[in-house]
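This is query_5.tsv. It holds TSV, C-alpha atoms and all ligand atoms.
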chain	number	residue	atom	x	y	z
R	1	MET	CA	83.74	117.69	271.03
R	2	THR	CA	81.29	118.87	268.40
R	3	VAL	CA	82.14	119.04	264.75
R	4	THR	CA	81.88	122.81	264.67
R	5	GLU	CA	84.77	123.13	267.09
R	6	HIS	CA	86.99	121.56	264.41
R	7	LEU	CA	85.98	123.94	261.65
R	8	THR	CA	88.74	126.03	260.15
R	9	PRO	CA	87.84	129.67	259.49
R	10	THR	CA	88.58	131.10	256.07
R	11	ALA	CA	89.11	134.69	255.10
R	12	VAL	CA	86.34	134.39	252.50
R	13	GLY	CA	83.78	134.21	255.24
R	14	GLY	CA	82.97	130.50	255.44
R	15	GLU	CA	84.02	127.71	257.73
R	16	LEU	CA	85.83	124.71	256.27
R	17	PRO	CA	84.77	121.24	257.40
R	18	PRO	CA	87.51	119.20	259.11
R	19	LEU	CA	89.96	117.02	257.19
R	20	GLN	CA	89.42	113.34	257.96
R	21	VAL	CA	93.04	112.40	258.65
R	22	SER	CA	92.84	109.81	261.42
R	23	HIS	CA	91.75	106.82	259.28
R	24	ARG	CA	94.32	107.37	256.50
R	25	LEU	CA	97.07	105.28	258.10
R	26	ASP	CA	94.74	102.28	258.20
R	27	ARG	CA	93.95	102.76	254.51
R	28	LEU	CA	97.70	102.86	253.86
R	29	ARG	CA	98.28	99.64	255.83
R	30	ALA	CA	95.66	97.87	253.71
R	31	ALA	CA	97.36	99.18	250.54
R	32	LEU	CA	100.77	98.00	251.78
R	33	ALA	CA	99.54	94.45	252.12
R	34	ASP	CA	98.42	94.63	248.47
R	35	CYS	CA	101.88	95.68	247.23
R	36	GLY	CA	103.89	93.17	249.20
R	37	CYS	CA	105.43	95.48	251.80
R	38	ASP	CA	105.39	94.98	255.56
R	39	SER	CA	106.25	98.62	256.15
R	40	LEU	CA	106.68	101.85	254.23
R	41	VAL	CA	109.08	104.72	254.79
R	42	VAL	CA	107.28	107.88	253.66
R	43	ALA	CA	109.83	110.48	252.60
R	44	ASN	CA	107.59	112.62	250.38
R	45	LEU	CA	106.60	115.50	252.67
R	46	THR	CA	103.25	116.04	250.97
R	47	ASN	CA	102.44	112.40	251.67
R	48	VAL	CA	103.59	112.87	255.28
R	49	ARG	CA	101.21	115.81	255.55
R	50	TYR	CA	98.33	113.81	254.05
R	51	LEU	CA	98.84	110.91	256.46
R	52	THR	CA	99.56	112.83	259.67
R	53	GLY	CA	98.64	116.52	259.32
R	54	PHE	CA	102.30	117.53	259.90
R	55	THR	CA	103.34	120.38	257.57
R	56	GLY	CA	107.03	120.86	258.48
R	57	SER	CA	109.79	121.06	255.88
R	58	ALA	CA	111.75	118.08	257.27
R	59	GLY	CA	110.56	114.71	258.43
R	60	LEU	CA	110.37	111.00	257.78
R	61	LEU	CA	107.38	108.77	258.52
R	62	LEU	CA	107.73	105.04	259.17
R	63	VAL	CA	104.49	103.09	258.92
R	64	THR	CA	104.38	99.43	259.94
R	65	GLN	CA	101.32	97.29	260.54
R	66	ASN	CA	101.53	98.10	264.26
R	67	GLU	CA	103.08	101.53	264.60
R	68	ALA	CA	103.63	104.88	262.93
R	69	LEU	CA	106.69	106.95	263.79
R	70	LEU	CA	107.30	110.52	262.62
R	71	THR	CA	110.83	111.82	263.02
R	72	THR	CA	111.61	115.49	262.62
R	73	ASP	CA	114.08	117.96	264.09
R	74	GLY	CA	113.97	120.35	267.01
R	75	ARG	CA	112.56	123.24	264.96
R	76	TYR	CA	109.31	121.31	264.74
R	77	ARG	CA	109.08	119.93	268.28
R	78	THR	CA	105.99	121.94	269.23
R	79	GLN	CA	104.41	122.16	265.77
R	80	SER	CA	104.61	118.42	265.13
R	81	SER	CA	102.98	117.42	268.40
R	82	GLU	CA	100.24	120.04	267.98
R	83	GLN	CA	99.45	119.06	264.41
R	84	ILE	CA	99.47	115.32	265.15
R	85	ALA	CA	97.11	115.91	268.09
R	86	ASP	CA	94.80	118.04	265.89
R	87	SER	CA	94.69	115.46	263.11
R	88	GLY	CA	93.82	112.59	265.43
R	89	ALA	CA	96.35	110.34	263.63
R	90	HIS	CA	97.91	107.65	265.84
R	91	VAL	CA	101.55	108.64	265.34
R	92	GLU	CA	104.51	108.67	267.71
R	93	VAL	CA	106.72	111.73	267.28
R	94	TYR	CA	110.50	111.41	267.72
R	95	ILE	CA	112.74	114.49	267.62
R	96	VAL	CA	116.15	113.77	266.05
R	97	ASP	CA	119.42	115.65	266.58
R	98	ALA	CA	122.06	114.79	264.01
R	99	GLU	CA	121.06	111.73	261.99
R	100	PRO	CA	117.70	112.48	260.33
R	101	ASP	CA	116.97	108.82	259.60
R	102	GLY	CA	118.87	107.18	262.51
R	103	GLU	CA	115.82	106.31	264.61
R	104	VAL	CA	113.87	104.99	261.60
R	105	LEU	CA	116.80	102.70	260.71
R	106	ARG	CA	117.10	101.55	264.32
R	107	ARG	CA	113.39	100.58	264.43
R	108	LEU	CA	113.60	98.80	261.08
R	109	LEU	CA	116.64	96.81	262.23
R	110	GLY	CA	114.52	95.58	265.11
R	111	SER	CA	111.54	94.48	263.02
R	112	PRO	CA	111.42	91.83	260.29
R	113	GLY	CA	109.89	92.01	256.84
R	114	THR	CA	110.13	93.95	253.62
R	115	ILE	CA	110.45	97.73	253.61
R	116	GLY	CA	108.87	99.86	250.89
R	117	LEU	CA	110.69	103.00	249.77
R	118	GLU	CA	109.06	105.73	247.71
R	119	SER	CA	111.08	105.36	244.54
R	120	GLU	CA	110.19	108.83	243.22
R	121	THR	CA	111.45	110.58	246.37
R	122	VAL	CA	114.31	108.56	247.89
R	123	SER	CA	117.67	109.37	246.32
R	124	TRP	CA	120.01	106.75	244.89
R	125	SER	CA	122.60	107.52	247.58
R	126	THR	CA	120.08	107.11	250.41
R	127	GLN	CA	118.87	103.83	248.99
R	128	ARG	CA	122.48	102.59	248.80
R	129	ARG	CA	123.17	103.58	252.39
R	130	TRP	CA	119.97	101.95	253.64
R	131	ALA	CA	120.69	98.78	251.67
R	132	GLU	CA	124.04	98.52	253.50
R	133	GLU	CA	122.38	99.01	256.89
R	134	LEU	CA	119.26	96.90	256.41
R	135	GLY	CA	120.14	94.47	253.61
R	136	ALA	CA	119.31	95.14	249.98
R	137	ASP	CA	116.90	92.21	249.80
R	138	ARG	CA	114.61	93.83	252.36
R	139	LEU	CA	114.09	97.02	250.33
R	140	VAL	CA	111.24	97.22	247.81
R	141	PRO	CA	110.75	100.18	245.44
R	142	THR	CA	107.18	101.48	245.50
R	143	THR	CA	105.40	103.94	243.21
R	144	GLY	CA	102.24	105.88	243.91
R	145	VAL	CA	101.07	104.03	247.04
R	146	VAL	CA	100.09	107.15	249.00
R	147	ALA	CA	99.25	108.99	245.77
R	148	GLY	CA	96.62	106.31	245.19
R	149	LEU	CA	95.03	107.05	248.56
R	150	ARG	CA	95.00	110.77	247.77
R	151	LEU	CA	92.97	110.39	244.54
R	152	ILE	CA	89.53	110.57	246.14
R	153	LYS	CA	89.06	113.80	248.07
R	154	ASP	CA	86.99	113.83	251.25
R	155	ILE	CA	84.53	116.62	251.97
R	156	GLY	CA	87.11	118.66	253.87
R	157	GLU	CA	89.59	118.43	250.98
R	158	ALA	CA	87.01	119.19	248.29
R	159	SER	CA	85.76	122.22	250.21
R	160	ARG	CA	89.30	123.62	250.49
R	161	ILE	CA	89.82	123.22	246.73
R	162	ARG	CA	86.40	124.76	246.09
R	163	THR	CA	87.29	127.74	248.29
R	164	ALA	CA	90.62	128.15	246.47
R	165	CYS	CA	88.78	128.11	243.12
R	166	ASP	CA	86.27	130.67	244.42
R	167	ILE	CA	89.08	133.03	245.45
R	168	ALA	CA	90.66	132.71	241.99
R	169	ASP	CA	87.31	133.42	240.31
R	170	ARG	CA	86.72	136.51	242.39
R	171	ALA	CA	90.24	137.84	241.97
R	172	PHE	CA	90.08	137.47	238.19
R	173	ALA	CA	86.66	139.13	237.96
R	174	GLU	CA	88.02	142.14	239.82
R	175	VAL	CA	91.30	142.48	237.95
R	176	ARG	CA	90.37	141.40	234.39
R	177	PRO	CA	89.14	144.86	233.21
R	178	ARG	CA	92.72	146.11	233.66
R	179	LEU	CA	93.73	144.06	230.61
R	180	GLY	CA	92.16	146.77	228.45
R	181	GLU	CA	94.25	149.54	230.04
R	182	GLY	CA	97.62	148.54	228.61
R	183	PRO	CA	99.44	146.99	231.57
R	184	THR	CA	102.61	144.96	231.08
R	185	GLU	CA	102.30	141.22	231.68
R	186	ILE	CA	104.16	141.52	234.96
R	187	GLU	CA	102.03	144.44	236.16
R	188	PHE	CA	98.85	142.50	235.46
R	189	ALA	CA	100.23	139.33	237.09
R	190	LEU	CA	101.23	141.25	240.22
R	191	GLU	CA	97.77	142.81	240.53
R	192	LEU	CA	96.14	139.42	240.12
R	193	ASP	CA	98.49	137.84	242.68
R	194	ALA	CA	97.85	140.61	245.19
R	195	ARG	CA	94.09	140.20	244.78
R	196	VAL	CA	94.33	136.40	245.29
R	197	ARG	CA	96.23	137.00	248.52
R	198	SER	CA	94.00	139.79	249.80
R	199	LEU	CA	90.90	137.65	249.25
R	200	GLY	CA	92.24	135.19	251.80
R	201	ALA	CA	94.47	132.67	250.01
R	202	ASP	CA	97.43	131.44	252.07
R	203	ASP	CA	99.59	131.72	248.98
R	204	LEU	CA	99.51	131.45	245.21
R	205	SER	CA	99.00	127.96	243.89
R	206	PHE	CA	102.03	128.36	241.56
R	207	ASP	CA	103.79	131.16	239.67
R	208	THR	CA	101.10	133.00	237.71
R	209	ILE	CA	101.35	132.81	233.92
R	210	VAL	CA	100.35	135.86	231.90
R	211	ALA	CA	101.30	135.36	228.26
R	212	SER	CA	100.26	138.01	225.74
R	213	GLY	CA	100.44	138.17	221.97
R	214	PRO	CA	103.22	135.94	220.54
R	215	ASN	CA	104.29	135.01	224.09
R	216	GLY	CA	101.07	132.99	224.33
R	217	ALA	CA	102.67	130.40	222.04
R	218	LYS	CA	104.83	129.34	225.00
R	219	PRO	CA	102.57	127.30	227.33
R	220	HIS	CA	104.59	128.17	230.46
R	221	HIS	CA	105.71	131.71	229.63
R	222	ARG	CA	106.96	133.80	232.56
R	223	PRO	CA	105.26	137.20	232.64
R	224	GLY	CA	107.62	139.91	231.40
R	225	ASP	CA	107.60	143.55	230.46
R	226	ARG	CA	105.67	143.18	227.20
R	227	ARG	CA	102.79	145.67	227.17
R	228	ILE	CA	99.35	144.14	226.52
R	229	SER	CA	97.64	145.92	223.64
R	230	GLU	CA	94.75	145.87	221.16
R	231	GLY	CA	94.67	142.70	219.08
R	232	ASP	CA	96.37	140.50	221.69
R	233	LEU	CA	95.23	137.18	222.96
R	234	VAL	CA	96.22	136.92	226.65
R	235	VAL	CA	96.54	133.56	228.41
R	236	CYS	CA	96.21	133.82	232.21
R	237	ASP	CA	96.90	130.64	234.25
R	238	PHE	CA	96.86	130.96	238.03
R	239	GLY	CA	95.47	129.63	241.28
R	240	ALA	CA	95.03	130.04	245.01
R	241	LEU	CA	96.27	127.94	247.91
R	242	VAL	CA	93.91	127.31	250.86
R	243	ASP	CA	95.07	125.26	253.85
R	244	GLY	CA	97.45	123.30	251.62
R	245	TYR	CA	95.01	122.72	248.74
R	246	HIS	CA	95.38	124.21	245.26
R	247	SER	CA	93.16	125.58	242.54
R	248	ASP	CA	94.09	125.80	238.86
R	249	MET	CA	92.37	127.86	236.17
R	250	THR	CA	93.30	129.28	232.76
R	251	ARG	CA	91.36	131.80	230.78
R	252	ALA	CA	92.22	133.26	227.37
R	253	VAL	CA	91.06	136.83	226.83
R	254	ALA	CA	90.84	138.63	223.52
R	255	VAL	CA	91.79	142.30	223.80
R	256	GLY	CA	89.83	144.05	221.07
R	257	ASP	CA	89.69	142.51	217.61
R	258	VAL	CA	92.21	139.68	217.40
R	259	GLY	CA	91.52	138.78	213.77
R	260	PRO	CA	90.16	135.59	212.14
R	261	GLU	CA	93.08	133.20	212.87
R	262	ARG	CA	93.13	133.87	216.62
R	263	ARG	CA	89.32	133.93	216.77
R	264	LYS	CA	89.29	130.44	215.27
R	265	MET	CA	91.88	129.26	217.83
R	266	LEU	CA	89.65	130.60	220.61
R	267	GLU	CA	86.52	128.93	219.25
R	268	VAL	CA	88.17	125.56	218.72
R	269	VAL	CA	89.75	125.41	222.18
R	270	LEU	CA	86.56	126.60	223.87
R	271	GLU	CA	84.54	123.88	222.09
R	272	ALA	CA	87.17	121.23	222.87
R	273	GLN	CA	87.31	122.24	226.52
R	274	ASN	CA	83.53	122.21	226.89
R	275	LEU	CA	83.41	118.75	225.29
R	276	GLY	CA	86.18	117.59	227.62
R	277	VAL	CA	84.32	118.78	230.72
R	278	LEU	CA	81.16	117.04	229.46
R	279	ALA	CA	83.14	113.80	229.03
R	280	VAL	CA	84.26	113.70	232.67
R	281	ALA	CA	82.32	111.24	234.86
R	282	ASP	CA	82.78	108.37	237.28
R	283	GLY	CA	84.02	105.29	235.39
R	284	VAL	CA	85.38	107.16	232.37
R	285	PRO	CA	89.00	106.41	231.37
R	286	ALA	CA	91.18	109.52	231.82
R	287	SER	CA	92.56	108.91	228.31
R	288	GLU	CA	89.03	109.25	226.90
R	289	VAL	CA	88.76	112.85	228.17
R	290	ASP	CA	92.10	113.56	226.51
R	291	ALA	CA	90.91	111.94	223.28
R	292	THR	CA	87.69	113.97	223.29
R	293	CYS	CA	89.60	117.26	223.41
R	294	ARG	CA	92.37	116.12	221.09
R	295	GLN	CA	90.08	114.80	218.37
R	296	HIS	CA	88.09	118.03	218.27
R	297	ILE	CA	91.26	120.09	217.88
R	298	GLU	CA	92.59	117.67	215.25
R	299	ARG	CA	89.36	117.90	213.23
R	300	ALA	CA	89.82	121.68	213.17
R	301	GLY	CA	93.28	121.18	211.65
R	302	LEU	CA	95.15	122.35	214.76
R	303	GLY	CA	96.19	118.95	216.16
R	304	GLU	CA	99.91	119.67	215.73
R	305	THR	CA	99.59	122.73	217.95
R	306	PHE	CA	98.11	120.93	221.00
R	307	VAL	CA	101.45	120.07	222.55
R	308	HIS	CA	100.59	118.85	226.05
R	309	SER	CA	98.24	116.51	227.84
R	310	THR	CA	94.65	117.48	228.66
R	311	GLY	CA	94.80	117.62	232.44
R	312	HIS	CA	95.97	116.43	235.83
R	313	GLY	CA	94.77	115.81	239.36
R	314	VAL	CA	94.75	118.73	241.81
R	315	GLY	CA	94.97	118.55	245.59
R	316	LEU	CA	97.84	118.99	248.05
R	317	ASP	CA	100.02	119.15	244.93
R	318	ILE	CA	99.19	121.35	241.95
R	319	HIS	CA	100.03	118.42	239.64
R	320	GLU	CA	99.12	115.02	241.04
R	321	ASP	CA	97.50	111.79	239.90
R	322	PRO	CA	95.67	111.05	237.74
R	323	ARG	CA	97.10	112.34	234.47
R	324	LEU	CA	94.60	112.95	231.67
R	325	SER	CA	96.78	112.04	228.70
R	326	VAL	CA	96.97	109.77	225.68
R	327	ARG	CA	98.89	107.17	227.68
R	328	SER	CA	96.99	107.42	230.97
R	329	THR	CA	95.71	104.09	232.30
R	330	ALA	CA	93.65	105.72	235.10
R	331	THR	CA	89.88	105.58	235.34
R	332	LEU	CA	88.10	108.57	236.85
R	333	SER	CA	86.09	108.02	240.03
R	334	ALA	CA	83.64	110.18	241.93
R	335	GLY	CA	85.66	112.33	244.33
R	336	PHE	CA	88.66	112.87	242.05
R	337	VAL	CA	89.53	116.51	241.36
R	338	VAL	CA	91.07	117.04	237.92
R	339	THR	CA	91.70	119.79	235.38
R	340	VAL	CA	90.56	119.90	231.77
R	341	GLU	CA	92.90	122.22	229.88
R	342	PRO	CA	93.34	121.80	226.13
R	343	GLY	CA	95.36	124.47	224.34
R	344	VAL	CA	96.79	125.45	220.98
R	345	TYR	CA	100.07	127.29	220.46
R	346	VAL	CA	101.12	128.86	217.16
R	347	PRO	CA	104.60	130.43	217.10
R	348	GLY	CA	104.51	134.06	216.02
R	349	VAL	CA	100.73	134.21	216.42
R	350	GLY	CA	99.89	133.36	220.01
R	351	GLY	CA	98.20	130.76	222.13
R	352	VAL	CA	94.92	129.76	223.70
R	353	ARG	CA	94.44	127.54	226.72
R	354	ILE	CA	91.21	127.19	228.71
R	355	GLU	CA	91.28	125.28	231.95
R	356	ASP	CA	88.78	124.35	234.64
R	357	THR	CA	89.27	122.45	237.87
R	358	VAL	CA	86.38	119.98	238.26
R	359	LEU	CA	85.17	117.52	240.90
R	360	VAL	CA	84.21	114.16	239.38
R	361	THR	CA	80.71	113.02	240.34
R	362	GLU	CA	78.64	109.87	239.69
R	363	ASP	CA	77.07	111.21	236.52
R	364	GLY	CA	79.43	113.95	235.39
R	365	CYS	CA	81.38	116.63	237.16
R	366	ASP	CA	80.96	119.70	239.28
R	367	ARG	CA	82.88	122.64	237.81
R	368	LEU	CA	84.74	124.40	240.62
R	369	THR	CA	86.22	127.25	238.56
R	370	LEU	CA	83.23	129.32	237.48
R	371	THR	CA	84.74	132.30	235.65
R	372	PRO	CA	82.91	132.64	232.30
R	373	LYS	CA	84.88	131.03	229.48
R	374	ASP	CA	83.74	133.15	226.58
R	375	PRO	CA	86.64	135.49	225.93
R	376	VAL	CA	85.71	139.01	226.88
R	377	LEU	CA	86.32	141.37	224.02
R	378	ILE	CA	87.37	144.59	225.61
R	401	ZN	ZN	96.83	125.92	235.11
R	402	ZN	ZN	96.75	122.75	235.16
Just give me the structure of the file as structure tokens.
Amino acid sequence: MTVTEHLTPTAVGGELPPLQVSHRLDRLRAALADCGCDSLVVANLTNVRYLTGFTGSAGLLLVTQNEALLTTDGRYRTQSSEQIADSGAHVEVYIVDAEPDGEVLRRLLGSPGTIGLESETVSWSTQRRWAEELGADRLVPTTGVVAGLRLIKDIGEASRIRTACDIADRAFAEVRPRLGEGPTEIEFALELDARVRSLGADDLSFDTIVASGPNGAKPHHRPGDRRISEGDLVVCDFGALVDGYHSDMTRAVAVGDVGPERRKMLEVVLEAQNLGVLAVADGVPASEVDATCRQHIERAGLGETFVHSTGHGVGLDIHEDPRLSVRSTATLSAGFVVTVEPGVYVPGVGGVRIEDTVLVTEDGCDRLTLTPKDPVLI
């Protein structure tokens, strides 16, 4: 079969290169040996998707050194076998009736060794039940094992994120002039969302944020019925979803003359964000990118108003590893996709956040969100 037969069509006119799924289970097995587990039960459905290509809403994946077993229910009988065949992953599919984890437990009872559980996904009650069945001393809590494999995006993943970013850029370019026509936040958000969808996104990346005037001081404001008017700063944070992969972009737009205080906020965040993007490169500690943005904002006297971390990884999840924060211990590598999104928030005045999604490269980064960052004065 030629590569082109695997290409996934997109509504934006291009073909997406295939995802390279089949070798991921072997990478996981190597990682398991490093963290002292003989097997891993993958309960996080995004991780199941990454490892097998299966996108159903219920399932459990058992990975041992010799086998991989995906259990799901009858709703996904056809879908699971089709998606596993498409991905090329060597996974046995088992359809369960009543007990969602019965077959996984049965297999584990029959094989020796330690069993890793994803501590951020498996509930306390499930862990207790499994400890009774399998023996508490066999269970090992794990953190971030599959997340670590997901850090470096392959060409198929990066191209899906790039396409999602492109859709967001184009949607915003088309809808942005409406900000000068006095829409409410919710009206503008709905138009933006509709444009993202009509340009070919499978869905929105997350609930769109449109925060105008004083509402901008709330970083995660839900768009409401406030009418956008002359003198407002408007923070728009949104993204597109393409074949499971997200984009994430924020732009702050000045509607008319916003006055000296808000103009300064815009300038400082724009400078900080540009410096942050310039700081991104292979081998750079994630905390250093955060420090670059934070120090610039502090020097401008606005340090107290930068109330969140500088960025996060983007991929199958909108927020994934690594975190770009003061406390982050991660080091950026070529192939990571991260955001750089400093912001300032002044109650009663408004807010500014500017965010790009970037692909880390050997000597810097490739900006994937290309909407101009200079606020457009309408
Ligand atoms: Zn965002
Ligand atoms: Zn973000």
For ligand ZN 402 (chain R), return the neighbouring residues as a PyMOL selection string (distance at most 9 Å; only C-alpha atoms and all ligand atoms).
chain R and resi 237-238+247-250+310-314+318-319+338-341+355-357
For ligand ZN 401 (chain R), which residue among R:Glu181, R:Asp166, R:Asp207, R:Glu133 is the nearest when counting all atoms listed in the file?
R:Asp207
Residue nearest ligand ZN 401 (chain R) among R:Val326, R:Val242, R:Ile95, R:Val235 (counting all atoms listed in the file):
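Among R:Val326, R:Val242, R:Ile95, R:Val235, it is R:Val235 that comes nearest to ligand ZN 401 (chain R).
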Find, counting all atoms listed in the file, the residue in R:Ser111, R:Thr121, R:Thr331, R:Ser205 that gets nearest to ligand ZN 401 (chain R).
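The shortest atom-to-atom distance to ligand ZN 401 (chain R) comes from R:Ser205.
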Any idea what the distance is between CA of Asp101 in chain R and CA of Leu151 in chain R?
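Calculated distance between CA of Asp101 in chain R and CA of Leu151 in chain R is 28.4 Å.
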